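What follows is a single structure, written as structure tokens, with notes after it.
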Amino acid sequence: MKTIPNLVFGTLFALALAACAPAGSAPGPAAVEPTAAVTEATATLESAMAGEATVAVASTAIAAGAGPVELSAAALGNATYRGILDQTVTLADGRFEGEAAAPGATARPVITLLPEPMVTGDLDGDSRHDSAVLLVAESGGSGTFVYMAVVGVEDGRPVNLATTQLGDRVQVKELAIEDGQIAVTLVTHGPTDPMCCPTQEETRLYRVEDGELIQTSNGG
């Protein structure tokens, strides 16, 4: 059976021969007006090629960890998130800067989307891809709070399904999806660690439930 690329090459070759035919030569099969069957076959071929290209693009994105087109890094960096400040925040190119807490104050909340780690898979049981991402919130003080947010797709747009705080100045080493849950491997504070320097590694499991991220276990 011929593959789609072979069919495309054959079609282009036939068209090239028709274009090179000398003027005034007797009309051959390539010179006649295309029949309805030929027109339909060409449209089918073009549609198949477009579909094949779309599948290839989607597969490449998922293999690279970016997820479907709707959950690309660019889309996640311009999405709206809740559960970090009192109001929702909409990022622009991965960043949000809020208003100062008081007139004349220089400190203001800044939310930043971390480019990695990110993970993609079905997290709410609808058989569609969701992404788990990390955001960092700072307000000018010493705290640097790390949040994990789950983003799904509704009506072709990224929607923040749930958000939870992982801690102040924790270091997330890895995100993974296990049986519909998010496994977070991070370095957090041990009993005697100063806030600047966490040393205790642990793995936590979270699941999406009723619009919230619920911690189901702590692997220590």
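Residues in the structure tokens are named by chain (A, B, ... in the order shown) and by number from 1 within that chain; ligands are numbered from 1 in the order shown.
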
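All residues of protein, DNA or RNA that reach within 8 Å of Leu113 of chain A, judged by only C-alpha atoms and not counting those fewer than 3 positions away in the chain, are Gly77, Gly94, Arg95, Val133, Leu134, Leu135 and Val136 of chain A.
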
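Distances here use only C-alpha atoms; by that measure, the residue among A:Ser217, A:Thr120, A:Ser139, A:Thr80 closest to Ala162 of chain A is A:Thr80.
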
- Find the residues around Lys173 of chain A up to 7 Å (only C-alpha atoms counted), leave out those fewer than 2 positions away in its own chain, and share them as a PyMOL selection string. chain A and resi 171+185-186

- Message: To one decimal place in Å, what is the distance between atom CA of Arg128 of chain A and atom CA of Gly167 of chain A?
- Response: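 Between atom CA of Arg128 of chain A and atom CA of Gly167 of chain A the gap is 28.7 Å.
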
- Report the distance between atom CA of Met118 of chain A and atom CA of Ala149 of chain A in Å, rounded to one decimal place. 10.1 Å

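Picture a line from atom CA of Val150 of chain A to atom CA of Asp122 of chain A; it runs 10.3 Å.
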
- Message: Run DSSP on the backbone and tell me which residues of segment 102-196 of chain A come out as strand (DSSP E); list them as JSON, numbers by chain.
- Response: {"A": [110, 111, 112, 113, 119, 120, 121, 130, 131, 132, 133, 134, 135, 136, 137, 138, 145, 146, 147, 148, 149, 150, 151, 152, 153, 154, 157, 158, 159, 160, 161, 162, 163, 164, 165, 166, 167, 168, 171, 172, 173, 174, 175, 176, 177, 178, 181, 182, 183, 184, 185, 186, 187, 188]}

- Have a look at A:Ser131, A:Thr188, A:Thr216, A:Thr164 and name the one nearest to Ala75 of chain A; count only C-alpha atoms. A:Ser131

Using only C-alpha atoms, which residues sit within 9 Å of Gly140 of chain A once same-chain residues fewer than 4 positions away are excluded, as a PDB file with N, CA, C and O atoms, in the first residue's frame?
```pdb
ATOM      1  N   THR A 106       7.119  50.205  48.425  1.00  0.00           N
ATOM      2  CA  THR A 106       7.816  49.675  47.253  1.00  0.00           C
ATOM      3  C   THR A 106       7.608  48.185  47.077  1.00  0.00           C
ATOM      4  O   THR A 106       7.702  47.673  45.965  1.00  0.00           O
ATOM      5  N   ALA A 107       7.345  47.489  48.163  1.00  0.00           N
ATOM      6  CA  ALA A 107       7.151  46.044  48.074  1.00  0.00           C
ATOM      7  C   ALA A 107       5.803  45.733  47.433  1.00  0.00           C
ATOM      8  O   ALA A 107       4.792  46.368  47.745  1.00  0.00           O
ATOM      9  N   ARG A 108       5.792  44.785  46.556  1.00  0.00           N
ATOM     10  CA  ARG A 108       4.554  44.365  45.897  1.00  0.00           C
ATOM     11  C   ARG A 108       4.640  42.875  45.583  1.00  0.00           C
ATOM     12  O   ARG A 108       5.738  42.342  45.397  1.00  0.00           O
ATOM     13  N   PRO A 109       3.507  42.197  45.506  1.00  0.00           N
ATOM     14  CA  PRO A 109       3.548  40.747  45.240  1.00  0.00           C
ATOM     15  C   PRO A 109       3.981  40.457  43.805  1.00  0.00           C
ATOM     16  O   PRO A 109       3.523  41.104  42.862  1.00  0.00           O
ATOM     17  N   VAL A 110       4.851  39.477  43.664  1.00  0.00           N
ATOM     18  CA  VAL A 110       5.309  39.038  42.349  1.00  0.00           C
ATOM     19  C   VAL A 110       5.138  37.517  42.275  1.00  0.00           C
ATOM     20  O   VAL A 110       5.606  36.794  43.152  1.00  0.00           O
TER      21      VAL A 110
END
```

- Pick out the closest residue to Met148 of chain A from this set: A:Glu178, A:Asp126, A:Glu116, A:Glu99. Count only C-alpha atoms.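 Closest candidate: A:Glu116.
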
- Given the choices A:Leu123, A:Ile214, A:Leu71, A:Leu91, which gets closest to Thr163 of chain A if the distance is worked out from only C-alpha atoms? A:Ile214

- Task: Rank A:Gln165, A:Val119, A:Gly141, A:Gly152 by their smallest atom-to-atom distance to Ala183 of chain A, using only C-alpha atoms, and report the top residue only.
- Result: A:Val119

- Residues at most 8 Å from Met195 of chain A, counting only C-alpha atoms, excluding those fewer than 4 positions away in the same chain, as a PyMOL selection string? chain A and resi 168-169+189
